[in-house]
Structures are given as structure tokens and as C-alpha cells.
Amino acid sequence: MDMPAQKKKLGLRERYAYMTRHLGWETTYQPMDKVFPYAEYEGIKIHDWDKWEDPFRLTMDAYWKYQAEKERKLYAIIDAYNQNNGHLNVTDAKYINSIKLFLNGISPLEYMAHRGFAHIGRQFPGEAARVACLMQSLDEIRHAQTQIHSLSNFNKHYNGFHDFTKMIQRVWYMSVPRSFFDDAVSAGPFEFIVSIGFSFEYVLTNLLFVPFVSGAAYNGDMGTMTFGFSAQSDEARHMTLGLEAIKFMLEQDPANVPIVQRWIDKWTWRGYRLLTLVGMMMDYMLPKRVMSWKEAWEIYFEENGGALFKDLARYGIRPPKYLEQIEFDKDHISHQAWATFYQYSALSNFHTWMPTDDEMDWLSSKYPNSFDKYYRPRFEFWRKEAEQGNRFFNKTIPMLCQTCQIPMVFTEPGDPTKTCYRESDYKGSKYHFCSDGCKDIFDHEPEKYIQAWLPAHQIYQGNCFGEGADPTSKDFNPMASVLDYWGVQNGHDNGDFEGSDDQKNFNAWRGMATNNS
Amino acid sequence: MSVIAIKPYVGEEKDRLENFHGAQILFVGWEDHLIFCAPFCFALPPDTKFGDVVGGVLPGAFSYHPDWAKIDWAKAEWFKSGQPWKPVFERTLAENGLHHKDVLRFRTPGLTGIAGTCS
């Protein structure tokens, strides 16, 4: 019998199909709906999982090859950077505070993203989708670990890096990134892939890993630059995967459209709120500025995102809600955020400062509609007070938004002089929000968000005091005890940059490296 | 449906009144004074006199502002959940009809912050 001659080599598409398709089977001990219990309850209807396309057709062999190569380069650069005391080549020790935020607030999210993708890689009934999620899950744990490795060198020299696994769980403002992920991982697999694969990757990491990481490069931090750009090559893949997941859902059944639309609305808003922190990092924490937060937002969200929503219009998807407000607020949120961290600096794990004249002029030129009118007078007042020995440390607990958990610092749409208050009643209790966007999210699933662990209220409930604290004793100092619970070393990790250990040490070490006295 | 879940469940309300050891939460914001980045959150027993809140609690939070000393409380305008509202200073929070997690704002006519910028 003649065997038909096989082609010598399979095409990429065929090869990918053999590696990822039809590897599963109909289970026999338990019915399929019990094996995949999360597949249907969100209301998303999938008729044919074979229509799933992974745009990168990634399989393990290619994965190891590329990632090993990248990792070798990354570690070579990190080693050289560390051995060369590269930390002394950053523009100013102020810069280091921005990567404290990175390690404490973002690296643990990478780990949580790993868990989330591992989970949905188990729960999706389609094999190709499962393989793609597994690949992303591997990326995410690599990112967590390369970031921890890269930033560990700073922990040898500077304060505030020492206890990030505790701080992400305890420090008040860390409840903002943490609750974002808690919301995502406690949703079903389809909402998760929209929340992280689309919103987090598209709205947030794009702005973090491109303009902010360029900022790290401009400020002489080769370590952060290297892990940042290494991660970004994966992020581009993640964004494409998130987008593919959305298109797949939209193509499978028209009934999926309104559900996906609601998730796009919700997660664009949540991602946008979380991104406030990155806006502040770019406008205030990089001694050498690269581009303003507003410019970055215009390129990476308005232009790129605008093109994306045009592309999705053919499925019946409209751009996310509240874009008009978001556009107005791009002149304001980074300043509002820095004002917040400046005044709550005693209750934080990094240092803050008031901008210099030169920096204020840069802010005026980048924010001609807002900085001089609303923020410069406030900042100049604080600077003058500080010069007179009256540096403002706000020590009263602020009111938080029930959904995003950010203090209620945002202003009314169109009026930057009025705090925005929104509220809802649910089962006889009141809940408060910073915006219509956050109120909408609560109102759709109140039973979920009444469980929010709001640090402000937890402190008053007595759940945030240091180990062995006795709140009934006469000399009990609640603030010191809360800092102890957070793992913040009072007088070292917190307060103004001026006079900090970091400032003194950096200047002394740099002095030793550059002269002989 | 109040939550999208794999099976029916009831969420635990983390901020129930009884979790605050006899106090209730009161939020207070000062209009036109955004130097305080957000309204404040206080935990106070419901039998606290409203006047004691204004005279004893609020100064710790707000008196950093140079406008604080200039406030004429007789002219201050109060809002509860955004609606005009009149407190009785001699009465307690409970007698003033303030419940757990109510939000108050006060406006001090003529005082508009640092250099009139609502800061």
C-alpha cells in the first residue's frame, strides 16, 4: 500500500492546531457542566470553542525559547546595574519613591494576575483558550518575580521596600489596587478576562509599561527600565489576547453583547480610577519628566483606545460610559492625587514633597487649563507653610469611596472646585461613592460591594492595630499602632522627603562615589 | 439580581453599626476648602452633642486652614446628603436625626479658601 507523502513541515497554523486543539474529551465520571461549573452563570453563551483564535499561536517550545533569551538579558543587566551601584546614578533619590509604589502596589498584582489566569485556564471549556490563559499565567508570575528581583537591590539601600507582601494587604491606599483585583478574581471567568485581559492590560499596563518605564530610563534606573520593557513585550501579547477574548464573545452570540458592554463600562472606569496613581507618578515623582500624564493619556488611551472602540462598533459595542468626564478630568486627577499623598504623608510608606519652581512651571505649561488656576496656589501655600516649619500632615481619617476605595478626592464633572458626592441606600444602609461610575458599579451588584474592606472603617472597628496593642491602656497611641500594623517604620518610611534617611544616604553615598572627601 | 454568582448568597456587610463599638460613622466635608483633599470620617457615639462635634472634633481636622478661625457658625449652611439641613447644636447626633454613615457638608459664606481658589 502506498503511503501518501506528508509535507515535510507543518505550517504554523496547523502546528498550533495540533498543539492546542481537541486535547480534552467528554468526561464520564462527572457531566461536563459539573467539571466546568463556572462556564455559564455569567450569561455568556459560547456555541463553538473551536472559533477561538490565539493571535500569537503560542506553544510551550516557543515560549521557553523567547522568554529564556529575554530573562538572560534581563539578569545580565540587573547584575551589572547592581554591581555598578547603579542606584546612585538615578536623577535624584526622590525618584526612588515611585518604584516603592511599583513594588508595593503593582508587583503583587502581577502575582494575582497569575492566579487569575491559572484559574480561568482551568475553567474555560475550550482547550485553545485554556492554553492561551496558561501562557499568560506564566508571564504574570515571571513578571512578579523579575520585579521583586530587580527591586530587591533598592531594598538594601532605601526605606519602604522591606515588607511589600504585608503592605499590599494592610496599608490604607493599597486597598485600591487590591480591591480592583479582588473584584476581578471573584467574578466569573469571562468577566475576569475582560477586567484583566482587556481593561487592566489595555487601559492600565500600557500607560505604566511604556511612558512610566520610559521615565525610569530617563531617570537613570536601568533595572526598572529593563524589567519594564521585558514585561511590555508580553503585555502587547496580553492586550491582543484580551481583545481576542472580547471579539470571540461578541461573535458567538448576540445576547453576549449587552453583558460585554457592561463589563467594558465597568472595567474601563475601574482601570481609569486605579490609573490615577500612575498619573501622579508621572507628573510628580519623576525628577526628569518625559511626558505629562495628560499627554500619555491622549496617546495611549484616547488615540489607541479610540481606534479600538471604532473597531468594536461593528459588533454593536459603543465606547465606554463617562468618556466626557474622563476627558475633562485629565487636567486634574494627577494633581488631586499628589495633593492627597502629600497631606497624608505621615500615614504612608513613601515620601512626598512639594514641586520646585522649575517643576511648577513645567506643570503650568503642560496643564495650562488647570494648574495655575486650581493647584499652584494650594501647593505654594503648603510650600510656604513647610518653610516656616508647619509642614501639613493631615492625620484625620478620610472618607472613602465604597467601590474604588480611593478617598473622596475627585471633583464634580465639569467643576474642579466641588467634591463629587454620590450615595446609594441598600438594605437600610448608606453607601458613598466618588463618582457616577463607581455608583453604577455598586448599584448593579450591591451584595458584592457591601463586603468592601474599607481601611478607614476597619481602623475605627479596631481591626488595624499592631500586635499586642491594648487600645484601653492610658498611653495608647492609635496612629503609632496602626503604622505598626501596616509594617511602616514611623519616621523612616513616611513623612516628607526633605530630611528623610533616603535623602541623606543618597547624598552621602553619591558624594563618596564622586569625590574624595 | 443583586449579585452575579454561581449560587445565591448574602454578602457580609462589613460596616454594620454594631461593629463600631457604640459609635456611628459621620462624614463631614467643608465646601470650597479642597486643601483637605476629601471629606473626613469620624466615629462618634450617637449621644454626642452636635455642638461638641463642631467645637471639639472638627477643629482637630480643619483648624489648619487659615479660614477656620474666621468662621461665623451662625451663618454656616449645612447640607445632609446634599440637601439643605439645619442642625440643633444643643442636641445630640441622634436627636438631630443623624444615622450611621450619614454625610454632612458645611458651607461658610464669604470664605472661599486660599486666594479664593476653593483650596
# chains A, B, ... in the order shown; residues from 1 in each chain; ligands from 1

call {"tool": "closest_atom_pairs", "arguments": {"of": "chain B", "to": "chain A", "cutoff": "8 Å", "atoms": "only C-alpha atoms", "output": "CSV"}}
result
residue,atom,partner,partner_atom,distance
B:Met1,CA,A:Glu445,CA,7.5
B:Ser2,CA,A:Glu445,CA,4.7
B:Val3,CA,A:Glu445,CA,4.4
B:Ile4,CA,A:Glu42,CA,6.7
B:Ala5,CA,A:Tyr41,CA,7.0
B:Ile6,CA,A:Tyr41,CA,5.8
B:Val10,CA,A:Glu447,CA,6.6
B:Gly11,CA,A:Glu447,CA,5.2
B:Glu12,CA,A:Gln451,CA,5.5
B:Glu13,CA,A:Ile450,CA,5.0
B:Lys14,CA,A:Gln451,CA,5.3
B:Asp15,CA,A:His457,CA,6.9
B:Asn19,CA,A:Gln461,CA,6.0
B:Phe20,CA,A:Gln461,CA,4.9
B:His21,CA,A:Gln461,CA,7.1
B:Phe27,CA,A:Met399,CA,6.6
B:Glu31,CA,A:Lys418,CA,7.1
B:Asp32,CA,A:Thr417,CA,6.4
B:Leu34,CA,A:Thr417,CA,7.3
B:Ile35,CA,A:Arg378,CA,6.7
B:Phe36,CA,A:Asn394,CA,7.9
B:Cys37,CA,A:Val409,CA,5.3
B:Ala38,CA,A:Val409,CA,4.8
B:Pro39,CA,A:Met399,CA,5.5
B:Phe40,CA,A:Pro398,CA,4.3
B:Cys41,CA,A:Met399,CA,4.9
B:Phe42,CA,A:Ile397,CA,7.4
B:Ala43,CA,A:Tyr460,CA,6.6
B:Gly60,CA,A:Thr396,CA,7.8
B:Ala61,CA,A:Thr396,CA,5.8
B:Tyr64,CA,A:Phe392,CA,8.0
B:Ser81,CA,A:Glu423,CA,7.8
B:His100,CA,A:Lys430,CA,7.8
B:Lys101,CA,A:Lys430,CA,6.1
B:Asp102,CA,A:Lys430,CA,7.2
B:Ile114,CA,A:Arg378,CA,6.7
B:Ala115,CA,A:Pro377,CA,7.0
B:Thr117,CA,A:Tyr374,CA,6.1
B:Cys118,CA,A:Thr417,CA,5.9
B:Ser119,CA,A:Arg378,CA,5.8

call {"tool": "select_by_dssp", "arguments": {"residues": "chain B", "states": "strand (DSSP E or B)", "output": "list of chain:residue names"}}
result
B:Gln24, B:Ile25, B:Leu26, B:Phe27, B:Val28, B:Gly29, B:Trp30, B:Phe40, B:Cys41, B:Phe42, B:Ala43, B:Leu44, B:Lys49, B:Glu77, B:Trp78, B:Phe79, B:Lys80, B:Gln83, B:Pro84, B:Trp85, B:Thr92, B:Asp102, B:Val103, B:Leu104, B:Arg105, B:Phe106, B:Arg107

call {"tool": "residues_around", "arguments": {"residues": "Pro59 (chain B)", "least_positions_apart": "5", "cutoff": "12 Å", "atoms": "only C-alpha atoms", "output": "ChimeraX atom specification"}}
result
/A:396 /B:28,30,40,51-54,64-69,71

call {"tool": "write_last_selection", "arguments": {"atoms": "N, CA, C and O atoms", "output": "PDB file, in the first residue's frame"}}
result
ATOM      1  N   THR A 396      -6.314  63.119  60.038  1.00  0.00           N
ATOM      2  CA  THR A 396      -7.695  62.683  60.254  1.00  0.00           C
ATOM      3  C   THR A 396      -8.085  61.726  59.130  1.00  0.00           C
ATOM      4  O   THR A 396      -7.763  61.961  57.964  1.00  0.00           O
TER       5      THR A 396
ATOM      6  N   VAL B  28     -17.924  64.315  57.273  1.00  0.00           N
ATOM      7  CA  VAL B  28     -18.101  65.777  57.226  1.00  0.00           C
ATOM      8  C   VAL B  28     -17.127  66.388  56.217  1.00  0.00           C
ATOM      9  O   VAL B  28     -15.916  66.140  56.284  1.00  0.00           O
ATOM     10  N   TRP B  30     -16.017  70.173  54.167  1.00  0.00           N
ATOM     11  CA  TRP B  30     -16.103  71.640  54.179  1.00  0.00           C
ATOM     12  C   TRP B  30     -16.073  72.098  52.724  1.00  0.00           C
ATOM     13  O   TRP B  30     -15.054  71.945  52.047  1.00  0.00           O
ATOM     14  N   PHE B  40     -13.980  64.151  55.800  1.00  0.00           N
ATOM     15  CA  PHE B  40     -13.427  63.320  56.866  1.00  0.00           C
ATOM     16  C   PHE B  40     -14.435  62.299  57.368  1.00  0.00           C
ATOM     17  O   PHE B  40     -15.640  62.452  57.211  1.00  0.00           O
ATOM     18  N   GLY B  51     -23.034  70.377  68.962  1.00  0.00           N
ATOM     19  CA  GLY B  51     -22.129  71.484  69.278  1.00  0.00           C
ATOM     20  C   GLY B  51     -20.744  70.989  69.686  1.00  0.00           C
ATOM     21  O   GLY B  51     -19.730  71.638  69.408  1.00  0.00           O
ATOM     22  N   ASP B  52     -20.690  69.829  70.342  1.00  0.00           N
ATOM     23  CA  ASP B  52     -19.386  69.281  70.743  1.00  0.00           C
ATOM     24  C   ASP B  52     -18.613  68.763  69.526  1.00  0.00           C
ATOM     25  O   ASP B  52     -17.382  68.753  69.527  1.00  0.00           O
ATOM     26  N   VAL B  53     -19.353  68.319  68.511  1.00  0.00           N
ATOM     27  CA  VAL B  53     -18.682  67.900  67.277  1.00  0.00           C
ATOM     28  C   VAL B  53     -18.026  69.124  66.639  1.00  0.00           C
ATOM     29  O   VAL B  53     -16.841  69.117  66.302  1.00  0.00           O
ATOM     30  N   VAL B  54     -18.814  70.195  66.526  1.00  0.00           N
ATOM     31  CA  VAL B  54     -18.297  71.403  65.870  1.00  0.00           C
ATOM     32  C   VAL B  54     -17.183  72.040  66.706  1.00  0.00           C
ATOM     33  O   VAL B  54     -16.159  72.466  66.175  1.00  0.00           O
ATOM     34  N   TYR B  64      -6.247  73.673  60.658  1.00  0.00           N
ATOM     35  CA  TYR B  64      -5.023  74.034  59.941  1.00  0.00           C
ATOM     36  C   TYR B  64      -5.291  75.157  58.934  1.00  0.00           C
ATOM     37  O   TYR B  64      -4.422  75.976  58.646  1.00  0.00           O
ATOM     38  N   HIS B  65      -6.506  75.226  58.419  1.00  0.00           N
ATOM     39  CA  HIS B  65      -6.810  76.213  57.378  1.00  0.00           C
ATOM     40  C   HIS B  65      -6.965  77.614  57.979  1.00  0.00           C
ATOM     41  O   HIS B  65      -7.694  77.775  58.965  1.00  0.00           O
ATOM     42  N   PRO B  66      -6.323  78.630  57.364  1.00  0.00           N
ATOM     43  CA  PRO B  66      -6.461  79.995  57.916  1.00  0.00           C
ATOM     44  C   PRO B  66      -7.906  80.496  57.943  1.00  0.00           C
ATOM     45  O   PRO B  66      -8.230  81.380  58.737  1.00  0.00           O
ATOM     46  N   ASP B  67      -8.786  79.938  57.113  1.00  0.00           N
ATOM     47  CA  ASP B  67     -10.193  80.358  57.138  1.00  0.00           C
ATOM     48  C   ASP B  67     -10.942  79.848  58.374  1.00  0.00           C
ATOM     49  O   ASP B  67     -12.024  80.357  58.697  1.00  0.00           O
ATOM     50  N   TRP B  68     -10.412  78.815  59.005  1.00  0.00           N
ATOM     51  CA  TRP B  68     -11.162  78.182  60.097  1.00  0.00           C
ATOM     52  C   TRP B  68     -11.512  79.189  61.196  1.00  0.00           C
ATOM     53  O   TRP B  68     -12.654  79.236  61.680  1.00  0.00           O
ATOM     54  N   ALA B  69     -10.517  79.987  61.568  1.00  0.00           N
ATOM     55  CA  ALA B  69     -10.725  80.940  62.667  1.00  0.00           C
ATOM     56  C   ALA B  69     -11.737  82.028  62.302  1.00  0.00           C
ATOM     57  O   ALA B  69     -12.275  82.697  63.163  1.00  0.00           O
ATOM     58  N   ILE B  71     -14.621  81.555  60.739  1.00  0.00           N
ATOM     59  CA  ILE B  71     -15.977  81.056  60.501  1.00  0.00           C
ATOM     60  C   ILE B  71     -16.974  81.671  61.480  1.00  0.00           C
ATOM     61  O   ILE B  71     -16.739  81.709  62.688  1.00  0.00           O
TER      62      ILE B  71
END

call {"tool": "select_by_dssp", "arguments": {"residues": "region 289-399 of chain A", "states": "helix (DSSP H, G or I)", "output": "PyMOL selection string"}}
result
chain A and resi 293-315+323-329+333-343+345-347+357-366+371-387

call {"tool": "write_last_selection", "arguments": {"atoms": "C-alpha atoms", "output": "tab-separated table (two decimals), in the first residue's frame"}}
result
chain	number	residue	atom	x	y	z
A	293	TRP	CA	0.21	62.25	32.34
A	294	LYS	CA	-2.25	64.10	30.13
A	295	GLU	CA	-0.09	63.64	27.02
A	296	ALA	CA	0.36	59.95	27.78
A	297	TRP	CA	-3.40	59.56	28.28
A	298	GLU	CA	-4.09	61.24	24.94
A	299	ILE	CA	-1.74	58.93	23.05
A	300	TYR	CA	-2.33	55.63	24.80
A	301	PHE	CA	-5.99	55.89	25.68
A	302	GLU	CA	-7.69	58.48	23.51
A	303	GLU	CA	-5.91	57.65	20.24
A	304	ASN	CA	-5.22	53.94	20.66
A	305	GLY	CA	-8.37	53.25	22.65
A	306	GLY	CA	-10.42	55.36	20.24
A	307	ALA	CA	-9.26	53.20	17.32
A	308	LEU	CA	-10.12	50.10	19.29
A	309	PHE	CA	-13.67	51.22	20.03
A	310	LYS	CA	-14.17	52.10	16.38
A	311	ASP	CA	-13.14	48.54	15.60
A	312	LEU	CA	-15.64	47.14	18.11
A	313	ALA	CA	-18.51	49.30	16.82
A	314	ARG	CA	-19.35	46.72	14.15
A	315	TYR	CA	-20.32	44.29	16.94
A	323	LEU	CA	-15.65	59.38	28.46
A	324	GLU	CA	-16.62	63.06	28.53
A	325	GLN	CA	-15.92	63.27	32.24
A	326	ILE	CA	-12.66	61.35	31.82
A	327	GLU	CA	-11.57	63.80	29.15
A	328	PHE	CA	-12.29	66.80	31.38
A	329	ASP	CA	-10.61	65.21	34.40
A	333	ILE	CA	-6.58	63.87	38.66
A	334	SER	CA	-2.78	63.70	38.88
A	335	HIS	CA	-2.70	66.96	40.89
A	336	GLN	CA	-5.56	65.85	43.11
A	337	ALA	CA	-3.76	62.57	43.80
A	338	TRP	CA	-0.45	64.23	44.66
A	339	ALA	CA	-2.23	66.68	46.97
A	340	THR	CA	-3.71	63.65	48.72
A	341	PHE	CA	-0.45	61.78	49.22
A	342	TYR	CA	1.34	64.99	50.20
A	343	GLN	CA	-1.05	65.64	53.06
A	345	SER	CA	2.45	61.58	54.08
A	346	ALA	CA	2.65	60.73	57.79
A	347	LEU	CA	0.34	57.78	57.07
A	357	ASP	CA	9.62	76.36	40.97
A	358	ASP	CA	11.04	74.68	37.91
A	359	GLU	CA	8.64	71.75	38.30
A	360	MET	CA	5.68	74.05	38.91
A	361	ASP	CA	6.49	75.87	35.67
A	362	TRP	CA	6.62	72.56	33.83
A	363	LEU	CA	3.22	71.66	35.29
A	364	SER	CA	1.81	75.06	34.25
A	365	SER	CA	3.00	74.55	30.70
A	366	LYS	CA	1.59	71.03	30.49
A	371	PHE	CA	-2.54	74.05	37.20
A	372	ASP	CA	-2.15	77.77	37.86
A	373	LYS	CA	-5.84	78.30	38.49
A	374	TYR	CA	-6.56	75.47	40.92
A	375	TYR	CA	-3.40	73.76	42.15
A	376	ARG	CA	-0.45	76.17	42.18
A	377	PRO	CA	-1.99	78.40	44.91
A	378	ARG	CA	-2.59	75.31	47.09
A	379	PHE	CA	0.94	74.00	46.54
A	380	GLU	CA	2.63	77.35	47.07
A	381	PHE	CA	0.71	77.76	50.32
A	382	TRP	CA	1.89	74.35	51.52
A	383	ARG	CA	5.45	75.08	50.49
A	384	LYS	CA	5.46	78.35	52.39
A	385	GLU	CA	3.97	76.68	55.45
A	386	ALA	CA	6.64	73.97	55.30
A	387	GLU	CA	9.40	76.57	55.05

call {"tool": "residues_around", "arguments": {"residues": "Asn507 (chain A)", "least_positions_apart": "2", "cutoff": "12 Å", "atoms": "only C-alpha atoms", "output": "VMD selection string"}}
result
chain A and resid 87 to 94 498 to 505 509 to 515

call {"tool": "atom_distance", "arguments": {"atom1": "CA of Ala62 (chain A)", "atom2": "CA of Glu235 (chain A)"}}
result
16.7 Å

call {"tool": "residues_around", "arguments": {"residues": "Pro177 (chain A)", "least_positions_apart": "5", "cutoff": "8 Å", "atoms": "only C-alpha atoms", "output": "compact mmCIF listing (two decimals) with N, CA and C atoms, in the first residue's frame"}}
result
# COMPACT_ATOMS: atom_id res chain seq x y z
N GLY A 105 2.66 48.22 45.26
CA GLY A 105 1.29 48.28 44.76
C GLY A 105 1.06 47.53 43.46
N ILE A 106 2.11 47.26 42.68
CA ILE A 106 1.88 46.67 41.36
C ILE A 106 2.41 45.24 41.25
N LEU A 109 0.15 42.59 42.23
CA LEU A 109 -0.96 42.39 41.29
C LEU A 109 -0.56 41.42 40.18
N LEU A 274 -7.89 53.45 38.99
CA LEU A 274 -6.63 52.90 39.50
C LEU A 274 -5.44 53.63 38.90

call {"tool": "residues_around", "arguments": {"residues": "Pro109 (chain B)", "least_positions_apart": "6", "cutoff": "8 Å", "atoms": "only C-alpha atoms", "output": "MDAnalysis selection string"}}
result
chainID B and resid 75:77

call {"tool": "write_last_selection", "arguments": {"atoms": "all heavy atoms", "output": "short mmCIF file (atom, residue, chain, number, x, y, z; two decimals), in the first residue's frame"}}
result
data_model
loop_
_atom_site.label_atom_id
_atom_site.label_comp_id
_atom_site.auth_asym_id
_atom_site.auth_seq_id
_atom_site.Cartn_x
_atom_site.Cartn_y
_atom_site.Cartn_z
N LYS B 75 -23.78 81.74 60.51
CA LYS B 75 -24.07 81.91 59.08
C LYS B 75 -23.79 80.65 58.27
O LYS B 75 -24.06 80.62 57.05
CB LYS B 75 -23.21 83.06 58.52
CG LYS B 75 -23.71 84.42 58.93
CD LYS B 75 -23.01 85.51 58.14
CE LYS B 75 -23.39 86.88 58.66
NZ LYS B 75 -22.28 87.82 58.56
N ALA B 76 -23.19 79.65 58.90
CA ALA B 76 -22.82 78.44 58.15
C ALA B 76 -24.06 77.75 57.59
O ALA B 76 -25.11 77.72 58.25
CB ALA B 76 -22.04 77.49 59.04
N GLU B 77 -23.93 77.25 56.38
CA GLU B 77 -25.04 76.50 55.76
C GLU B 77 -24.69 75.02 55.80
O GLU B 77 -23.57 74.64 55.47
CB GLU B 77 -25.21 76.95 54.30
CG GLU B 77 -25.57 78.41 54.15
CD GLU B 77 -25.34 78.90 52.73
OE1 GLU B 77 -24.95 78.09 51.85
OE2 GLU B 77 -25.52 80.11 52.51
#

call {"tool": "closest_residue", "arguments": {"among": "A:Asn84, A:Asn369, A:Gln67, A:Gln405", "to": "Ser233 (chain A)", "atoms": "only C-alpha atoms"}}
result
A:Gln67

call {"tool": "residues_around", "arguments": {"residues": "Gly197 (chain A)", "least_positions_apart": "3", "cutoff": "7 Å", "atoms": "only C-alpha atoms", "output": "list in words"}}
result
Ile193, Val194, Phe200, Glu201, His238, Met239, Leu241 and Gly242 of chain A

call {"tool": "write_last_selection", "arguments": {"atoms": "N, CA and C atoms", "output": "PDB file, in the first residue's frame"}}
result
ATOM      1  N   ILE A 193     -11.570  37.855  32.266  1.00  0.00           N
ATOM      2  CA  ILE A 193     -10.702  38.100  31.108  1.00  0.00           C
ATOM      3  C   ILE A 193     -10.978  39.481  30.502  1.00  0.00           C
ATOM      4  N   VAL A 194     -12.194  40.006  30.687  1.00  0.00           N
ATOM      5  CA  VAL A 194     -12.443  41.390  30.255  1.00  0.00           C
ATOM      6  C   VAL A 194     -11.749  42.358  31.220  1.00  0.00           C
ATOM      7  N   PHE A 200      -7.308  46.017  32.354  1.00  0.00           N
ATOM      8  CA  PHE A 200      -6.039  46.189  33.059  1.00  0.00           C
ATOM      9  C   PHE A 200      -4.884  46.277  32.067  1.00  0.00           C
ATOM     10  N   GLU A 201      -4.901  45.411  31.059  1.00  0.00           N
ATOM     11  CA  GLU A 201      -3.797  45.396  30.094  1.00  0.00           C
ATOM     12  C   GLU A 201      -3.872  46.588  29.145  1.00  0.00           C
ATOM     13  N   HIS A 238      -0.635  40.225  25.757  1.00  0.00           N
ATOM     14  CA  HIS A 238      -1.805  40.113  26.645  1.00  0.00           C
ATOM     15  C   HIS A 238      -2.972  40.974  26.165  1.00  0.00           C
ATOM     16  N   MET A 239      -2.629  42.188  25.703  1.00  0.00           N
ATOM     17  CA  MET A 239      -3.691  43.078  25.217  1.00  0.00           C
ATOM     18  C   MET A 239      -4.410  42.448  24.031  1.00  0.00           C
ATOM     19  N   LEU A 241      -4.638  39.336  23.363  1.00  0.00           N
ATOM     20  CA  LEU A 241      -5.442  38.208  23.835  1.00  0.00           C
ATOM     21  C   LEU A 241      -6.756  38.698  24.450  1.00  0.00           C
ATOM     22  N   GLY A 242      -6.679  39.766  25.245  1.00  0.00           N
ATOM     23  CA  GLY A 242      -7.888  40.319  25.861  1.00  0.00           C
ATOM     24  C   GLY A 242      -8.877  40.753  24.795  1.00  0.00           C
TER      25      GLY A 242
END

call {"tool": "closest_residue", "arguments": {"among": "B:Pro46, B:Leu26, B:Gly116, B:Leu58", "to": "Leu104 (chain B)", "atoms": "only C-alpha atoms"}}
result
B:Leu26

call {"tool": "decode", "arguments": {"residues": "region 129-202 of chain A", "atoms": "C-alpha atoms", "output": "PDB file, in the first residue's frame"}}
result
ATOM      1  CA  ALA A 129      -8.494  29.321  25.330  1.00  0.00           C
ATOM      2  CA  ARG A 130      -7.124  27.311  28.234  1.00  0.00           C
ATOM      3  CA  VAL A 131      -3.669  27.097  26.643  1.00  0.00           C
ATOM      4  CA  ALA A 132      -3.612  30.842  25.950  1.00  0.00           C
ATOM      5  CA  CYS A 133      -4.582  31.587  29.573  1.00  0.00           C
ATOM      6  CA  LEU A 134      -1.903  29.226  30.839  1.00  0.00           C
ATOM      7  CA  MET A 135       0.718  31.126  28.827  1.00  0.00           C
ATOM      8  CA  GLN A 136      -0.412  34.403  30.276  1.00  0.00           C
ATOM      9  CA  SER A 137      -0.442  32.906  33.744  1.00  0.00           C
ATOM     10  CA  LEU A 138       3.248  32.013  33.284  1.00  0.00           C
ATOM     11  CA  ASP A 139       4.040  35.521  32.069  1.00  0.00           C
ATOM     12  CA  GLU A 140       2.393  37.036  35.112  1.00  0.00           C
ATOM     13  CA  ILE A 141       4.342  35.043  37.684  1.00  0.00           C
ATOM     14  CA  ARG A 142       7.543  35.791  35.756  1.00  0.00           C
ATOM     15  CA  HIS A 143       6.708  39.473  35.938  1.00  0.00           C
ATOM     16  CA  ALA A 144       6.073  39.311  39.678  1.00  0.00           C
ATOM     17  CA  GLN A 145       9.374  37.550  40.252  1.00  0.00           C
ATOM     18  CA  THR A 146      11.535  39.637  37.915  1.00  0.00           C
ATOM     19  CA  GLN A 147      10.146  42.786  39.536  1.00  0.00           C
ATOM     20  CA  ILE A 148      10.868  41.501  43.033  1.00  0.00           C
ATOM     21  CA  HIS A 149      14.394  40.524  41.939  1.00  0.00           C
ATOM     22  CA  SER A 150      15.080  43.831  40.206  1.00  0.00           C
ATOM     23  CA  LEU A 151      13.799  45.977  43.026  1.00  0.00           C
ATOM     24  CA  SER A 152      15.398  43.942  45.827  1.00  0.00           C
ATOM     25  CA  ASN A 153      18.631  45.839  45.237  1.00  0.00           C
ATOM     26  CA  PHE A 154      16.910  49.065  46.256  1.00  0.00           C
ATOM     27  CA  ASN A 155      15.782  47.402  49.468  1.00  0.00           C
ATOM     28  CA  LYS A 156      19.429  47.126  50.530  1.00  0.00           C
ATOM     29  CA  HIS A 157      19.799  50.888  50.451  1.00  0.00           C
ATOM     30  CA  TYR A 158      16.441  52.622  50.903  1.00  0.00           C
ATOM     31  CA  ASN A 159      13.415  52.548  53.187  1.00  0.00           C
ATOM     32  CA  GLY A 160       9.924  51.388  52.320  1.00  0.00           C
ATOM     33  CA  PHE A 161      10.762  48.267  50.281  1.00  0.00           C
ATOM     34  CA  HIS A 162      11.138  45.866  53.194  1.00  0.00           C
ATOM     35  CA  ASP A 163       7.676  44.421  53.685  1.00  0.00           C
ATOM     36  CA  PHE A 164       5.690  44.700  50.479  1.00  0.00           C
ATOM     37  CA  THR A 165       3.723  41.479  50.957  1.00  0.00           C
ATOM     38  CA  LYS A 166       2.326  42.822  54.220  1.00  0.00           C
ATOM     39  CA  MET A 167       1.843  46.359  52.934  1.00  0.00           C
ATOM     40  CA  ILE A 168      -0.276  45.361  49.942  1.00  0.00           C
ATOM     41  CA  GLN A 169      -2.675  43.777  52.430  1.00  0.00           C
ATOM     42  CA  ARG A 170      -2.657  46.450  55.092  1.00  0.00           C
ATOM     43  CA  VAL A 171      -1.552  49.989  54.146  1.00  0.00           C
ATOM     44  CA  TRP A 172      -4.691  52.058  53.576  1.00  0.00           C
ATOM     45  CA  TYR A 173      -4.247  53.142  49.956  1.00  0.00           C
ATOM     46  CA  MET A 174      -3.150  49.644  48.918  1.00  0.00           C
ATOM     47  CA  SER A 175      -6.787  48.635  49.285  1.00  0.00           C
ATOM     48  CA  VAL A 176      -7.280  50.464  45.964  1.00  0.00           C
ATOM     49  CA  PRO A 177      -5.206  48.117  43.740  1.00  0.00           C
ATOM     50  CA  ARG A 178      -6.019  45.133  45.938  1.00  0.00           C
ATOM     51  CA  SER A 179      -9.789  45.602  45.760  1.00  0.00           C
ATOM     52  CA  PHE A 180      -9.553  46.028  41.971  1.00  0.00           C
ATOM     53  CA  PHE A 181      -8.092  42.535  41.743  1.00  0.00           C
ATOM     54  CA  ASP A 182     -10.361  41.092  44.434  1.00  0.00           C
ATOM     55  CA  ASP A 183     -13.292  42.309  42.357  1.00  0.00           C
ATOM     56  CA  ALA A 184     -11.859  40.737  39.193  1.00  0.00           C
ATOM     57  CA  VAL A 185     -10.880  37.339  40.613  1.00  0.00           C
ATOM     58  CA  SER A 186     -14.197  36.926  42.423  1.00  0.00           C
ATOM     59  CA  ALA A 187     -16.051  37.438  39.129  1.00  0.00           C
ATOM     60  CA  GLY A 188     -16.619  34.630  36.639  1.00  0.00           C
ATOM     61  CA  PRO A 189     -14.007  33.619  34.026  1.00  0.00           C
ATOM     62  CA  PHE A 190     -15.487  35.723  31.231  1.00  0.00           C
ATOM     63  CA  GLU A 191     -15.671  38.879  33.312  1.00  0.00           C
ATOM     64  CA  PHE A 192     -12.163  38.201  34.593  1.00  0.00           C
ATOM     65  CA  ILE A 193     -10.702  38.100  31.108  1.00  0.00           C
ATOM     66  CA  VAL A 194     -12.443  41.390  30.255  1.00  0.00           C
ATOM     67  CA  SER A 195     -11.302  43.008  33.525  1.00  0.00           C
ATOM     68  CA  ILE A 196      -7.662  41.979  33.332  1.00  0.00           C
ATOM     69  CA  GLY A 197      -7.142  40.915  29.726  1.00  0.00           C
ATOM     70  CA  PHE A 198      -8.845  43.988  28.394  1.00  0.00           C
ATOM     71  CA  SER A 199      -9.119  46.791  30.966  1.00  0.00           C
ATOM     72  CA  PHE A 200      -6.039  46.189  33.059  1.00  0.00           C
ATOM     73  CA  GLU A 201      -3.797  45.396  30.094  1.00  0.00           C
ATOM     74  CA  TYR A 202      -5.202  47.892  27.656  1.00  0.00           C
TER      75      TYR A 202
END
